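Below: the structure, in C-alpha cells.
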Amino acid sequence: MKILVCLSIVPDTTAKISFTDGDTKLNKTGVQFIAGPYDDYALSRAVDLKEQLGGTVTVLNVGDADGEPIIRKALAVGADDAIRVNAEPRDAYFVAEQIAAIAQRESYDLILMGRESIDFNGGQVHGIVGEMLGLPSYSPVMKLEITGHTAQLTREIEGGKELLEAPLPLVLGCQEPIAEWKIPNMRGIMTARTKPLNVVEPTGQDSLTQATRFELPPAKGAVKMIPAAEAETLITLLRTEAKVL
Amino acid sequence: MSVLIFAELDQGEVKVASLEALYYGANVAQELQTSATALVIGTTSADLASLGQYGVTKVLHVSDEKLNAANALAYASVLAAAVELEQASVIVIAKSSLGDTLAARSAGKLKAGLVSNVTELPDTSNGFRVKHSIYTGKAFAITEMREGRKILTLKKNVVSPELSQATASVESFSPSIPETDFVAKVIQTEKATGEISLSDADIIVSGGRGMKGPEHWKPLEELAEALHAATGCSKPVSDLDWRPHHEHIGQTGLKVSPNVYIACGISGAIQHLAGVNGSKVIVVINKDPEAPFFKAADYGIVGDVFDILPRLTKAAREQLV
Ligand SMILES: Cc1cc2nc3c(=O)[nH]c(=O)nc-3n(C[C@H](O)[C@H](O)[C@H](O)COP(=O)(O)OP(=O)(O)OC[C@H]3O[C@@H](n4cnc5c(N)ncnc54)[C@H](O)[C@@H]3O)c2cc1C
Ligand SMILES: Nc1ncnc2c1ncn2[C@@H]1O[C@H](COP(=O)(O)O)[C@@H](O)[C@H]1O
C-alpha cells in the first residue's frame, strides 16, 4: 500500500485572525500554524493502514520553508518521507497541479487529504486532483477500510451517511471519526530528524483566482440579556424585534 | 455566454439553498446582460417551469433514474456537458456535501476558477470579483477571478429571493456519461427522512454537553418542533454518541447560517462558534453567566435549560400558529 497524504498548513483553530498591509495580507504575528485538522485525520488513518497492511506513507505540502517543523511532526507521527513543493499555495488549482504532477510519477494506491483546508475552506483540491489524474474522488469520508484492492468507505451525506465500495487507486477527502489524532512520541521525534524531506520546485503556473483584499466581519452588537424569570419574552422578541420567527 | 445554476434535488424537490442559488445566478446573469439556465438532475414530479419565478429562463432536466442517487462524479460529467451546450461562463452551485464535490470535479474538468462560500453578488465593474467567507467564518476575502470559466459555491441564506410571475421553458437533456463515473457501488444509504434538514433550516435549536445525556433531548426536540426548527449539537455530544454525527456543528462539523441559532448548554468554544458565526440571530441559554458564548450572542438567558426550554416551547406554541 503506497499512500500519499496532503497537508495544508494553516492558522490554529483558536487563532485570532487579522490583516496587515492595507488588508491584503494575513497578520501572522502571534498566530500559531498547524497541519489542517482534517489533514491530521487523513494522516492518522494512513499510518494505521500502513501498520495494518504494510507499505509507505509520504506526506506532501505545497508551501514555504516555514512549514518544515510541521512536516517533521507528520514524520514523527509515522510517515516515512516527505515532499515539500517550494511555492506559495496560490490557489486550489495551482496546488492540485503540484500534487497531480507528483502523483503521476509515483502512482499511489491512495491519496488522502482533508475534507477542506481551514484557511479558505474550499474543499476543492481533492476533486480537482481526481479530475487531473482521471481517478474517482470522494469526500467527506468518515470511515475507510481496505481489503485487497478495494476500499470500503463511509461518506457523510446530508442528513446521513452512505457506504461505498470502490477499487483503488482513489483520492479521498477525510474527516473525523476516520481515525484518532496521533501524538508523536519521543522515539518518533528522534527518527523523524533523519527521515527524508525532499524539496522540489513547482511545475505549471496556473492560478485562476487571487485574493485581492480581506475584511473582518462587522463587530457584533451587545447581547440583550433576558432575565430567566421572563424567558418567555424571548419568543416575542424574536418575532417582533428581530423579526426572524 | 450564460449563467448555469445547478438545482439540487432532495427527495424529488429542489432544495431551498438551490432556490437561493437560482435567484443569485439570475441576478449575476442580469449584471452580465445574459440569460440564466437551471440544471436539474434526477427524476422529479416537481413543476420545473415554476423555477422561472427565480429568474431563470430555461431549465435543463436530466430525467434519469440512474442519477437519482447523488453521484458527484456523474453529475460533474452532466454539468460539463450542460456548460458546453449553454456556453456558460459562470456556474453557480449551492453549498452542500454534493455541491462541494461537484464544484471541485467540475473545476478540474473545465479548468475553471472556483471560489467557495460566496456571500455577495459579484462586482463586475472591473473584472470579476467575489466576496467569500474564509477562516471558517472569521473573515472575508475579495477574490479576483481571472478570464475564463468561473464556478461559485454559494453560502446558504445570503440572498432572499424575490419571486416574479415568470415561467421557464423546460428542456430534457440526456448527455452521455462515462461508465467510470459509476465505479463505486453504493452498498447502503442511511438518511433521516421527514425531519427538517439542518443545512436547509431557517431555525436551529442546538444542544451541548449541558444537556446532560441523550435521554434528556426531549425538551430540546419539543422546542424545535414548536419552532419548525432542525436540531443540532456540539462536537462532544456527537463524539459521545448522544446524537448522530451529521448533527454536529462547528469547525470540524457542519457550518450553518440560519436566521436563528438557539444554543442550549453549549459553552461557546471558538471551534463551535466557527460553525455558527454566519447565523443572523444567535440565542444562548446557559446556566453559567461567564460562558463565552454570550459574547457572540444577540439574546442571552442565564438559566437552567431544563427549566427554560419547556417554557419557551409553551410560549412558542401559544404565539406561533
Ligand atoms: C481542532 C478542534 C476542532 C473542534 N471542532 C469542534 C466543532 O466542530 N464543534 C464543536 O462543537 N466543538 C469542536 N471542538 C471542541 C470545542 O473546543 C469544545 O470542546 C466543545 O465545543 C465544547 O462543547 P460543549 O459546549 O457542548 O461542552 P462544554 O464545554 O462542556 O460546555 C457545556 C456548557 O453547558 C452549560 N451547562 C451545564 N449544565 C447546564 C444546564 N443545566 N443548563 C444550562 N447550561 C448548562 C455549562 O455552563 C457549559 O457552558 C473542537 C476542538 C478542537 C481542538
Ligand atoms: N498547500 C497545500 N499543500 C498540500 N496539500 C494541500 C494544500 N492545500 C490543500 N491541501 C489538501 O487539500 C485538502 C482540501 O483543501 P482545500 O481545497 O484548500 O479546502 C486539504 O485538506 C489538504 O489535504
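Lettering and numbering for the C-alpha cells are positional, with chains as A, B, ... in the shown order, residues counted from 1 in each chain, and ligands counted from 1 in the shown order.
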
(message) If the limit is 8 Å from any atom of ligand 1, counting only C-alpha atoms and all ligand atoms, which residues qualify? Return them as a PyMOL selection string.
(response) (chain A and resi 12-13+37) or (chain B and resi 207-212+233-237+248-254+264-275+285-289+291-293+302-306)

Identify, with DSSP run on backbone atoms, the residues in stretch 15-236 of chain A assigned to alpha helix (DSSP H), and express the list as a PDB file with N, CA, C and O atoms, in the first residue's frame.
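See states-v4.pdb below for the written result:
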```
ATOM      1  N   PRO A  37      -6.670  20.352  10.663  1.00  0.00           N
ATOM      2  CA  PRO A  37      -7.194  19.257  11.500  1.00  0.00           C
ATOM      3  C   PRO A  37      -7.734  18.085  10.683  1.00  0.00           C
ATOM      4  O   PRO A  37      -7.554  16.932  11.067  1.00  0.00           O
ATOM      5  N   TYR A  38      -8.346  18.364   9.545  1.00  0.00           N
ATOM      6  CA  TYR A  38      -8.849  17.254   8.728  1.00  0.00           C
ATOM      7  C   TYR A  38      -7.683  16.488   8.103  1.00  0.00           C
ATOM      8  O   TYR A  38      -7.753  15.281   7.897  1.00  0.00           O
ATOM      9  N   ASP A  39      -6.618  17.211   7.760  1.00  0.00           N
ATOM     10  CA  ASP A  39      -5.444  16.572   7.160  1.00  0.00           C
ATOM     11  C   ASP A  39      -4.808  15.645   8.187  1.00  0.00           C
ATOM     12  O   ASP A  39      -4.277  14.591   7.851  1.00  0.00           O
ATOM     13  N   ASP A  40      -4.861  16.056   9.471  1.00  0.00           N
ATOM     14  CA  ASP A  40      -4.344  15.230  10.557  1.00  0.00           C
ATOM     15  C   ASP A  40      -5.122  13.915  10.675  1.00  0.00           C
ATOM     16  O   ASP A  40      -4.548  12.874  10.972  1.00  0.00           O
ATOM     17  N   TYR A  41      -6.432  13.991  10.448  1.00  0.00           N
ATOM     18  CA  TYR A  41      -7.216  12.749  10.448  1.00  0.00           C
ATOM     19  C   TYR A  41      -6.762  11.854   9.300  1.00  0.00           C
ATOM     20  O   TYR A  41      -6.622  10.637   9.464  1.00  0.00           O
ATOM     21  N   ALA A  42      -6.534  12.456   8.134  1.00  0.00           N
ATOM     22  CA  ALA A  42      -6.092  11.686   6.965  1.00  0.00           C
ATOM     23  C   ALA A  42      -4.755  11.012   7.253  1.00  0.00           C
ATOM     24  O   ALA A  42      -4.561   9.823   6.986  1.00  0.00           O
ATOM     25  N   LEU A  43      -3.832  11.769   7.857  1.00  0.00           N
ATOM     26  CA  LEU A  43      -2.509  11.234   8.182  1.00  0.00           C
ATOM     27  C   LEU A  43      -2.625  10.075   9.178  1.00  0.00           C
ATOM     28  O   LEU A  43      -1.988   9.029   9.014  1.00  0.00           O
ATOM     29  N   SER A  44      -3.448  10.271  10.205  1.00  0.00           N
ATOM     30  CA  SER A  44      -3.587   9.238  11.233  1.00  0.00           C
ATOM     31  C   SER A  44      -4.131   7.945  10.628  1.00  0.00           C
ATOM     32  O   SER A  44      -3.655   6.855  10.933  1.00  0.00           O
ATOM     33  N   ARG A  45      -5.121   8.075   9.747  1.00  0.00           N
ATOM     34  CA  ARG A  45      -5.676   6.869   9.118  1.00  0.00           C
ATOM     35  C   ARG A  45      -4.631   6.203   8.229  1.00  0.00           C
ATOM     36  O   ARG A  45      -4.529   4.980   8.180  1.00  0.00           O
ATOM     37  N   ALA A  46      -3.845   7.025   7.520  1.00  0.00           N
ATOM     38  CA  ALA A  46      -2.809   6.487   6.630  1.00  0.00           C
ATOM     39  C   ALA A  46      -1.793   5.663   7.427  1.00  0.00           C
ATOM     40  O   ALA A  46      -1.403   4.570   7.018  1.00  0.00           O
ATOM     41  N   VAL A  47      -1.384   6.198   8.582  1.00  0.00           N
ATOM     42  CA  VAL A  47      -0.387   5.496   9.401  1.00  0.00           C
ATOM     43  C   VAL A  47      -0.977   4.181   9.933  1.00  0.00           C
ATOM     44  O   VAL A  47      -0.317   3.135   9.911  1.00  0.00           O
ATOM     45  N   ASP A  48      -2.239   4.215  10.354  1.00  0.00           N
ATOM     46  CA  ASP A  48      -2.904   2.974  10.800  1.00  0.00           C
ATOM     47  C   ASP A  48      -2.956   1.945   9.675  1.00  0.00           C
ATOM     48  O   ASP A  48      -2.692   0.758   9.897  1.00  0.00           O
ATOM     49  N   LEU A  49      -3.292   2.386   8.473  1.00  0.00           N
ATOM     50  CA  LEU A  49      -3.390   1.456   7.338  1.00  0.00           C
ATOM     51  C   LEU A  49      -2.031   0.850   7.022  1.00  0.00           C
ATOM     52  O   LEU A  49      -1.916  -0.331   6.691  1.00  0.00           O
ATOM     53  N   LYS A  50      -0.991   1.661   7.136  1.00  0.00           N
ATOM     54  CA  LYS A  50       0.359   1.158   6.867  1.00  0.00           C
ATOM     55  C   LYS A  50       0.717   0.081   7.896  1.00  0.00           C
ATOM     56  O   LYS A  50       1.241  -0.967   7.547  1.00  0.00           O
ATOM     57  N   GLU A  51       0.388   0.347   9.156  1.00  0.00           N
ATOM     58  CA  GLU A  51       0.700  -0.637  10.194  1.00  0.00           C
ATOM     59  C   GLU A  51      -0.044  -1.943   9.949  1.00  0.00           C
ATOM     60  O   GLU A  51       0.459  -3.022  10.184  1.00  0.00           O
ATOM     61  N   GLN A  52      -1.257  -1.807   9.428  1.00  0.00           N
ATOM     62  CA  GLN A  52      -2.105  -2.968   9.222  1.00  0.00           C
ATOM     63  C   GLN A  52      -1.696  -3.750   7.966  1.00  0.00           C
ATOM     64  O   GLN A  52      -1.670  -4.973   7.975  1.00  0.00           O
ATOM     65  N   LEU A  53      -1.371  -3.025   6.891  1.00  0.00           N
ATOM     66  CA  LEU A  53      -1.205  -3.674   5.584  1.00  0.00           C
ATOM     67  C   LEU A  53       0.219  -3.613   5.034  1.00  0.00           C
ATOM     68  O   LEU A  53       0.505  -4.208   4.004  1.00  0.00           O
ATOM     69  N   GLU A  68       8.264  23.549   7.542  1.00  0.00           N
ATOM     70  CA  GLU A  68       9.020  22.308   7.733  1.00  0.00           C
ATOM     71  C   GLU A  68       8.885  21.679   9.113  1.00  0.00           C
ATOM     72  O   GLU A  68       8.768  20.454   9.220  1.00  0.00           O
ATOM     73  N   PRO A  69       8.854  22.470  10.203  1.00  0.00           N
ATOM     74  CA  PRO A  69       8.653  21.826  11.511  1.00  0.00           C
ATOM     75  C   PRO A  69       7.331  21.054  11.586  1.00  0.00           C
ATOM     76  O   PRO A  69       7.254  20.011  12.232  1.00  0.00           O
ATOM     77  N   ILE A  70       6.308  21.554  10.889  1.00  0.00           N
ATOM     78  CA  ILE A  70       5.008  20.881  10.907  1.00  0.00           C
ATOM     79  C   ILE A  70       5.083  19.602  10.059  1.00  0.00           C
ATOM     80  O   ILE A  70       4.501  18.578  10.417  1.00  0.00           O
ATOM     81  N   ILE A  71       5.828  19.656   8.980  1.00  0.00           N
ATOM     82  CA  ILE A  71       6.025  18.455   8.153  1.00  0.00           C
ATOM     83  C   ILE A  71       6.810  17.403   8.956  1.00  0.00           C
ATOM     84  O   ILE A  71       6.475  16.222   8.948  1.00  0.00           O
ATOM     85  N   ARG A  72       7.813  17.855   9.713  1.00  0.00           N
ATOM     86  CA  ARG A  72       8.588  16.941  10.557  1.00  0.00           C
ATOM     87  C   ARG A  72       7.687  16.261  11.581  1.00  0.00           C
ATOM     88  O   ARG A  72       7.878  15.101  11.925  1.00  0.00           O
ATOM     89  N   LYS A  73       6.730  16.993  12.076  1.00  0.00           N
ATOM     90  CA  LYS A  73       5.811  16.413  13.062  1.00  0.00           C
ATOM     91  C   LYS A  73       5.025  15.262  12.429  1.00  0.00           C
ATOM     92  O   LYS A  73       4.780  14.237  13.066  1.00  0.00           O
ATOM     93  N   ALA A  74       4.655  15.425  11.153  1.00  0.00           N
ATOM     94  CA  ALA A  74       3.942  14.344  10.462  1.00  0.00           C
ATOM     95  C   ALA A  74       4.851  13.127  10.304  1.00  0.00           C
ATOM     96  O   ALA A  74       4.406  11.983  10.403  1.00  0.00           O
ATOM     97  N   LEU A  75       6.150  13.368  10.101  1.00  0.00           N
ATOM     98  CA  LEU A  75       7.102  12.256  10.011  1.00  0.00           C
ATOM     99  C   LEU A  75       7.217  11.575  11.382  1.00  0.00           C
ATOM    100  O   LEU A  75       7.304  10.355  11.476  1.00  0.00           O
ATOM    101  N   ALA A  76       7.170  12.386  12.445  1.00  0.00           N
ATOM    102  CA  ALA A  76       7.280  11.832  13.803  1.00  0.00           C
ATOM    103  C   ALA A  76       6.072  10.968  14.153  1.00  0.00           C
ATOM    104  O   ALA A  76       6.171  10.032  14.935  1.00  0.00           O
ATOM    105  N   VAL A  77       4.950  11.276  13.553  1.00  0.00           N
ATOM    106  CA  VAL A  77       3.731  10.527  13.820  1.00  0.00           C
ATOM    107  C   VAL A  77       3.731   9.189  13.065  1.00  0.00           C
ATOM    108  O   VAL A  77       2.968   8.285  13.385  1.00  0.00           O
ATOM    109  N   ALA A  92      -6.369  26.749  -5.287  1.00  0.00           N
ATOM    110  CA  ALA A  92      -6.582  25.307  -5.268  1.00  0.00           C
ATOM    111  C   ALA A  92      -6.100  24.668  -6.569  1.00  0.00           C
ATOM    112  O   ALA A  92      -5.523  23.582  -6.558  1.00  0.00           O
ATOM    113  N   TYR A  93      -6.311  25.337  -7.688  1.00  0.00           N
ATOM    114  CA  TYR A  93      -5.931  24.761  -8.973  1.00  0.00           C
ATOM    115  C   TYR A  93      -4.415  24.585  -9.053  1.00  0.00           C
ATOM    116  O   TYR A  93      -3.908  23.537  -9.473  1.00  0.00           O
ATOM    117  N   PHE A  94      -3.705  25.585  -8.586  1.00  0.00           N
ATOM    118  CA  PHE A  94      -2.240  25.537  -8.588  1.00  0.00           C
ATOM    119  C   PHE A  94      -1.743  24.406  -7.681  1.00  0.00           C
ATOM    120  O   PHE A  94      -0.885  23.616  -8.064  1.00  0.00           O
ATOM    121  N   VAL A  95      -2.306  24.325  -6.476  1.00  0.00           N
ATOM    122  CA  VAL A  95      -1.911  23.273  -5.529  1.00  0.00           C
ATOM    123  C   VAL A  95      -2.215  21.900  -6.128  1.00  0.00           C
ATOM    124  O   VAL A  95      -1.378  20.985  -6.090  1.00  0.00           O
ATOM    125  N   ALA A  96      -3.396  21.769  -6.733  1.00  0.00           N
ATOM    126  CA  ALA A  96      -3.785  20.487  -7.323  1.00  0.00           C
ATOM    127  C   ALA A  96      -2.825  20.084  -8.434  1.00  0.00           C
ATOM    128  O   ALA A  96      -2.444  18.912  -8.559  1.00  0.00           O
ATOM    129  N   GLU A  97      -2.381  21.024  -9.227  1.00  0.00           N
ATOM    130  CA  GLU A  97      -1.408  20.725 -10.302  1.00  0.00           C
ATOM    131  C   GLU A  97      -0.118  20.153  -9.732  1.00  0.00           C
ATOM    132  O   GLU A  97       0.465  19.225 -10.299  1.00  0.00           O
ATOM    133  N   GLN A  98       0.325  20.722  -8.606  1.00  0.00           N
ATOM    134  CA  GLN A  98       1.573  20.234  -7.994  1.00  0.00           C
ATOM    135  C   GLN A  98       1.396  18.806  -7.496  1.00  0.00           C
ATOM    136  O   GLN A  98       2.255  17.947  -7.710  1.00  0.00           O
ATOM    137  N   ILE A  99       0.263  18.571  -6.826  1.00  0.00           N
ATOM    138  CA  ILE A  99       0.006  17.242  -6.265  1.00  0.00           C
ATOM    139  C   ILE A  99      -0.128  16.230  -7.407  1.00  0.00           C
ATOM    140  O   ILE A  99       0.448  15.145  -7.365  1.00  0.00           O
ATOM    141  N   ALA A 100      -0.882  16.608  -8.446  1.00  0.00           N
ATOM    142  CA  ALA A 100      -1.112  15.687  -9.565  1.00  0.00           C
ATOM    143  C   ALA A 100       0.203  15.355 -10.268  1.00  0.00           C
ATOM    144  O   ALA A 100       0.432  14.202 -10.655  1.00  0.00           O
ATOM    145  N   ALA A 101       1.098  16.332 -10.401  1.00  0.00           N
ATOM    146  CA  ALA A 101       2.377  16.088 -11.086  1.00  0.00           C
ATOM    147  C   ALA A 101       3.186  15.029 -10.335  1.00  0.00           C
ATOM    148  O   ALA A 101       3.750  14.118 -10.935  1.00  0.00           O
ATOM    149  N   ILE A 102       3.198  15.135  -9.013  1.00  0.00           N
ATOM    150  CA  ILE A 102       3.962  14.172  -8.208  1.00  0.00           C
ATOM    151  C   ILE A 102       3.271  12.800  -8.231  1.00  0.00           C
ATOM    152  O   ILE A 102       3.923  11.765  -8.377  1.00  0.00           O
ATOM    153  N   ALA A 103       1.951  12.813  -8.134  1.00  0.00           N
ATOM    154  CA  ALA A 103       1.214  11.551  -8.125  1.00  0.00           C
ATOM    155  C   ALA A 103       1.355  10.814  -9.453  1.00  0.00           C
ATOM    156  O   ALA A 103       1.372   9.585  -9.491  1.00  0.00           O
ATOM    157  N   GLN A 104       1.470  11.547 -10.537  1.00  0.00           N
ATOM    158  CA  GLN A 104       1.632  10.914 -11.844  1.00  0.00           C
ATOM    159  C   GLN A 104       2.938  10.128 -11.912  1.00  0.00           C
ATOM    160  O   GLN A 104       2.993   9.054 -12.491  1.00  0.00           O
ATOM    161  N   ARG A 105       3.966  10.672 -11.308  1.00  0.00           N
ATOM    162  CA  ARG A 105       5.269   9.987 -11.305  1.00  0.00           C
ATOM    163  C   ARG A 105       5.263   8.763 -10.401  1.00  0.00           C
ATOM    164  O   ARG A 105       5.872   7.764 -10.700  1.00  0.00           O
ATOM    165  N   GLU A 106       4.579   8.867  -9.272  1.00  0.00           N
ATOM    166  CA  GLU A 106       4.759   7.881  -8.204  1.00  0.00           C
ATOM    167  C   GLU A 106       3.669   6.812  -8.124  1.00  0.00           C
ATOM    168  O   GLU A 106       3.842   5.822  -7.435  1.00  0.00           O
ATOM    169  N   VAL A 125      -9.385  20.846  -3.476  1.00  0.00           N
ATOM    170  CA  VAL A 125      -8.171  20.243  -4.041  1.00  0.00           C
ATOM    171  C   VAL A 125      -8.362  18.767  -4.406  1.00  0.00           C
ATOM    172  O   VAL A 125      -7.947  18.332  -5.478  1.00  0.00           O
ATOM    173  N   HIS A 126      -9.050  17.982  -3.534  1.00  0.00           N
ATOM    174  CA  HIS A 126      -9.184  16.543  -3.849  1.00  0.00           C
ATOM    175  C   HIS A 126      -9.965  16.306  -5.133  1.00  0.00           C
ATOM    176  O   HIS A 126      -9.602  15.446  -5.937  1.00  0.00           O
ATOM    177  N   GLY A 127     -11.021  17.074  -5.345  1.00  0.00           N
ATOM    178  CA  GLY A 127     -11.820  16.900  -6.558  1.00  0.00           C
ATOM    179  C   GLY A 127     -11.041  17.274  -7.809  1.00  0.00           C
ATOM    180  O   GLY A 127     -11.111  16.593  -8.834  1.00  0.00           O
ATOM    181  N   ILE A 128     -10.276  18.349  -7.721  1.00  0.00           N
ATOM    182  CA  ILE A 128      -9.506  18.793  -8.889  1.00  0.00           C
ATOM    183  C   ILE A 128      -8.390  17.787  -9.193  1.00  0.00           C
ATOM    184  O   ILE A 128      -8.175  17.413 -10.352  1.00  0.00           O
ATOM    185  N   VAL A 129      -7.705  17.321  -8.134  1.00  0.00           N
ATOM    186  CA  VAL A 129      -6.656  16.315  -8.334  1.00  0.00           C
ATOM    187  C   VAL A 129      -7.258  15.056  -8.954  1.00  0.00           C
ATOM    188  O   VAL A 129      -6.695  14.472  -9.888  1.00  0.00           O
ATOM    189  N   GLY A 130      -8.417  14.635  -8.462  1.00  0.00           N
ATOM    190  CA  GLY A 130      -9.098  13.467  -9.022  1.00  0.00           C
ATOM    191  C   GLY A 130      -9.307  13.624 -10.518  1.00  0.00           C
ATOM    192  O   GLY A 130      -8.982  12.733 -11.305  1.00  0.00           O
ATOM    193  N   GLU A 131      -9.803  14.769 -10.935  1.00  0.00           N
ATOM    194  CA  GLU A 131     -10.012  15.009 -12.370  1.00  0.00           C
ATOM    195  C   GLU A 131      -8.692  15.002 -13.131  1.00  0.00           C
ATOM    196  O   GLU A 131      -8.597  14.436 -14.217  1.00  0.00           O
ATOM    197  N   MET A 132      -7.681  15.634 -12.574  1.00  0.00           N
ATOM    198  CA  MET A 132      -6.386  15.711 -13.274  1.00  0.00           C
ATOM    199  C   MET A 132      -5.778  14.331 -13.478  1.00  0.00           C
ATOM    200  O   MET A 132      -5.101  14.083 -14.466  1.00  0.00           O
ATOM    201  N   LEU A 133      -6.016  13.431 -12.506  1.00  0.00           N
ATOM    202  CA  LEU A 133      -5.436  12.089 -12.607  1.00  0.00           C
ATOM    203  C   LEU A 133      -6.406  11.096 -13.231  1.00  0.00           C
ATOM    204  O   LEU A 133      -6.063   9.931 -13.425  1.00  0.00           O
ATOM    205  N   MET A 186       8.489  10.184  21.772  1.00  0.00           N
ATOM    206  CA  MET A 186       9.904  10.577  21.769  1.00  0.00           C
ATOM    207  C   MET A 186      10.667   9.865  20.655  1.00  0.00           C
ATOM    208  O   MET A 186      11.423  10.477  19.909  1.00  0.00           O
ATOM    209  N   ARG A 187      10.430   8.560  20.521  1.00  0.00           N
ATOM    210  CA  ARG A 187      11.141   7.792  19.501  1.00  0.00           C
ATOM    211  C   ARG A 187      10.794   8.321  18.104  1.00  0.00           C
ATOM    212  O   ARG A 187      11.666   8.507  17.263  1.00  0.00           O
ATOM    213  N   GLY A 188       9.497   8.616  17.927  1.00  0.00           N
ATOM    214  CA  GLY A 188       9.054   9.159  16.647  1.00  0.00           C
ATOM    215  C   GLY A 188       9.762  10.471  16.331  1.00  0.00           C
ATOM    216  O   GLY A 188      10.222  10.707  15.207  1.00  0.00           O
ATOM    217  N   ILE A 189       9.885  11.307  17.347  1.00  0.00           N
ATOM    218  CA  ILE A 189      10.517  12.623  17.137  1.00  0.00           C
ATOM    219  C   ILE A 189      11.990  12.448  16.775  1.00  0.00           C
ATOM    220  O   ILE A 189      12.511  13.101  15.865  1.00  0.00           O
ATOM    221  N   MET A 190      12.656  11.491  17.438  1.00  0.00           N
ATOM    222  CA  MET A 190      14.072  11.238  17.148  1.00  0.00           C
ATOM    223  C   MET A 190      14.255  10.728  15.714  1.00  0.00           C
ATOM    224  O   MET A 190      15.093  11.238  14.970  1.00  0.00           O
ATOM    225  N   THR A 191      13.449   9.731  15.321  1.00  0.00           N
ATOM    226  CA  THR A 191      13.642   9.154  13.984  1.00  0.00           C
ATOM    227  C   THR A 191      13.225  10.128  12.884  1.00  0.00           C
ATOM    228  O   THR A 191      13.760  10.094  11.784  1.00  0.00           O
ATOM    229  N   ALA A 192      12.296  11.023  13.198  1.00  0.00           N
ATOM    230  CA  ALA A 192      11.813  11.979  12.185  1.00  0.00           C
ATOM    231  C   ALA A 192      12.938  12.858  11.675  1.00  0.00           C
ATOM    232  O   ALA A 192      12.942  13.299  10.524  1.00  0.00           O
ATOM    233  N   THR A 233     -40.452  35.947  27.085  1.00  0.00           N
ATOM    234  CA  THR A 233     -40.427  37.125  26.211  1.00  0.00           C
ATOM    235  C   THR A 233     -39.473  36.938  25.027  1.00  0.00           C
ATOM    236  O   THR A 233     -39.556  37.662  24.051  1.00  0.00           O
ATOM    237  N   LEU A 234     -38.567  35.962  25.145  1.00  0.00           N
ATOM    238  CA  LEU A 234     -37.660  35.696  24.020  1.00  0.00           C
ATOM    239  C   LEU A 234     -38.445  35.458  22.733  1.00  0.00           C
ATOM    240  O   LEU A 234     -38.098  35.999  21.674  1.00  0.00           O
ATOM    241  N   ILE A 235     -39.491  34.653  22.827  1.00  0.00           N
ATOM    242  CA  ILE A 235     -40.270  34.313  21.629  1.00  0.00           C
ATOM    243  C   ILE A 235     -40.870  35.594  21.028  1.00  0.00           C
ATOM    244  O   ILE A 235     -40.827  35.811  19.817  1.00  0.00           O
ATOM    245  N   THR A 236     -41.383  36.454  21.898  1.00  0.00           N
ATOM    246  CA  THR A 236     -41.947  37.726  21.433  1.00  0.00           C
ATOM    247  C   THR A 236     -40.877  38.580  20.757  1.00  0.00           C
ATOM    248  O   THR A 236     -41.103  39.142  19.678  1.00  0.00           O
TER     249      THR A 236
END
```

| task | Provide as a VMD selection string the residues of chain B at most 6 Å from chain A, counting only C-alpha atoms. | result | chain B and resid 104 to 105 108 113 116 134 to 135 139 to 146 184 to 192 297 to 301 303 312 315

Practice problem: Determine which residues of stretch 73-218 of chain A DSSP labels as strand (DSSP E or B) from the backbone of this structure, then write them out as a VMD selection string. | Solution: chain A and resid 81 to 85 110 to 114 137 to 147 150 to 157 160 to 167 170 to 174 197 to 200 209 to 215

With distances taken over only C-alpha atoms and all ligand atoms, which residue among B:Val40, B:Leu220, B:Ala7, B:Val115 lies nearest ligand 2?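 Once distances to ligand 2 are computed over only C-alpha atoms and all ligand atoms, the minimum belongs to B:Val115.
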
For a test of reading the model, state the distance in Å between atom CA of B:Glu215 and atom CA of B:Ser257, rounded to one decimal.
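These two atoms are separated by 27.6 Å.
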
Item to check | Shell around B:Ala49 at 6 Å using only C-alpha atoms, local window under 5 positions removed, as a list in words | outcome: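 Everything that qualifies: Thr167, Ala168, Ser169 and Val170 of chain B.
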
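If only C-alpha atoms are the atoms counted, then among A:Val59, A:Ile9, A:Leu110, A:Ile146 the closest residue to A:Glu88 is A:Ile9.
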
Min atom-atom distance to A:Ile183 from the set A:Phe33, A:Thr203, A:Gly78, A:Arg84, counting only C-alpha atoms, belongs to A:Gly78

- Message: Please report the interatomic distance between atom CA of B:Val14 and atom CA of B:Leu320 in Å with one decimal.
- Response: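 Taking atom CA of B:Val14 as the start and atom CA of B:Leu320 as the end point, the length is 26.5 Å.
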
Practice problem: Please provide as a list of chain:residue names all residues within 8 Å of B:Ala103, with the sequence filter that same-chain residues fewer than 2 positions apart are discarded (counting only C-alpha atoms). | Solution: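 Final neighbour list, sorted by chain and number: A:Gln124, B:Ala76, B:Ile93, B:Gly99, B:Asp100, B:Thr101, B:Arg105, B:Ser106, B:Ala107, B:Leu114, B:Ile151, B:Leu152, B:Thr153.
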
Q) Hey, what's within 12 Å of B:Asp10 if we count only C-alpha atoms and toss same-chain stuff fewer than 3 positions away? As a list in words, please? A) Ile157, Glu158 and Gly159 of chain A; Ala7, Glu13, Val14, Lys15, Val16, Ala17, Ser18, Val40, Ile41, Gly42, Thr43, Thr44, Ala46, Asn68, Ala69, Ala70, Ser96, Leu98, Lys191, Ala192, Thr193, Gly194, Ile196, Ser197, Ser199 and Asp200 of chain B

Could you state the separation of atom CA of A:Gly63 and atom CA of A:Arg90 in Å, given to one decimal place?
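Computed distance, atom CA of A:Gly63 to atom CA of A:Arg90, equals 9.4 Å.
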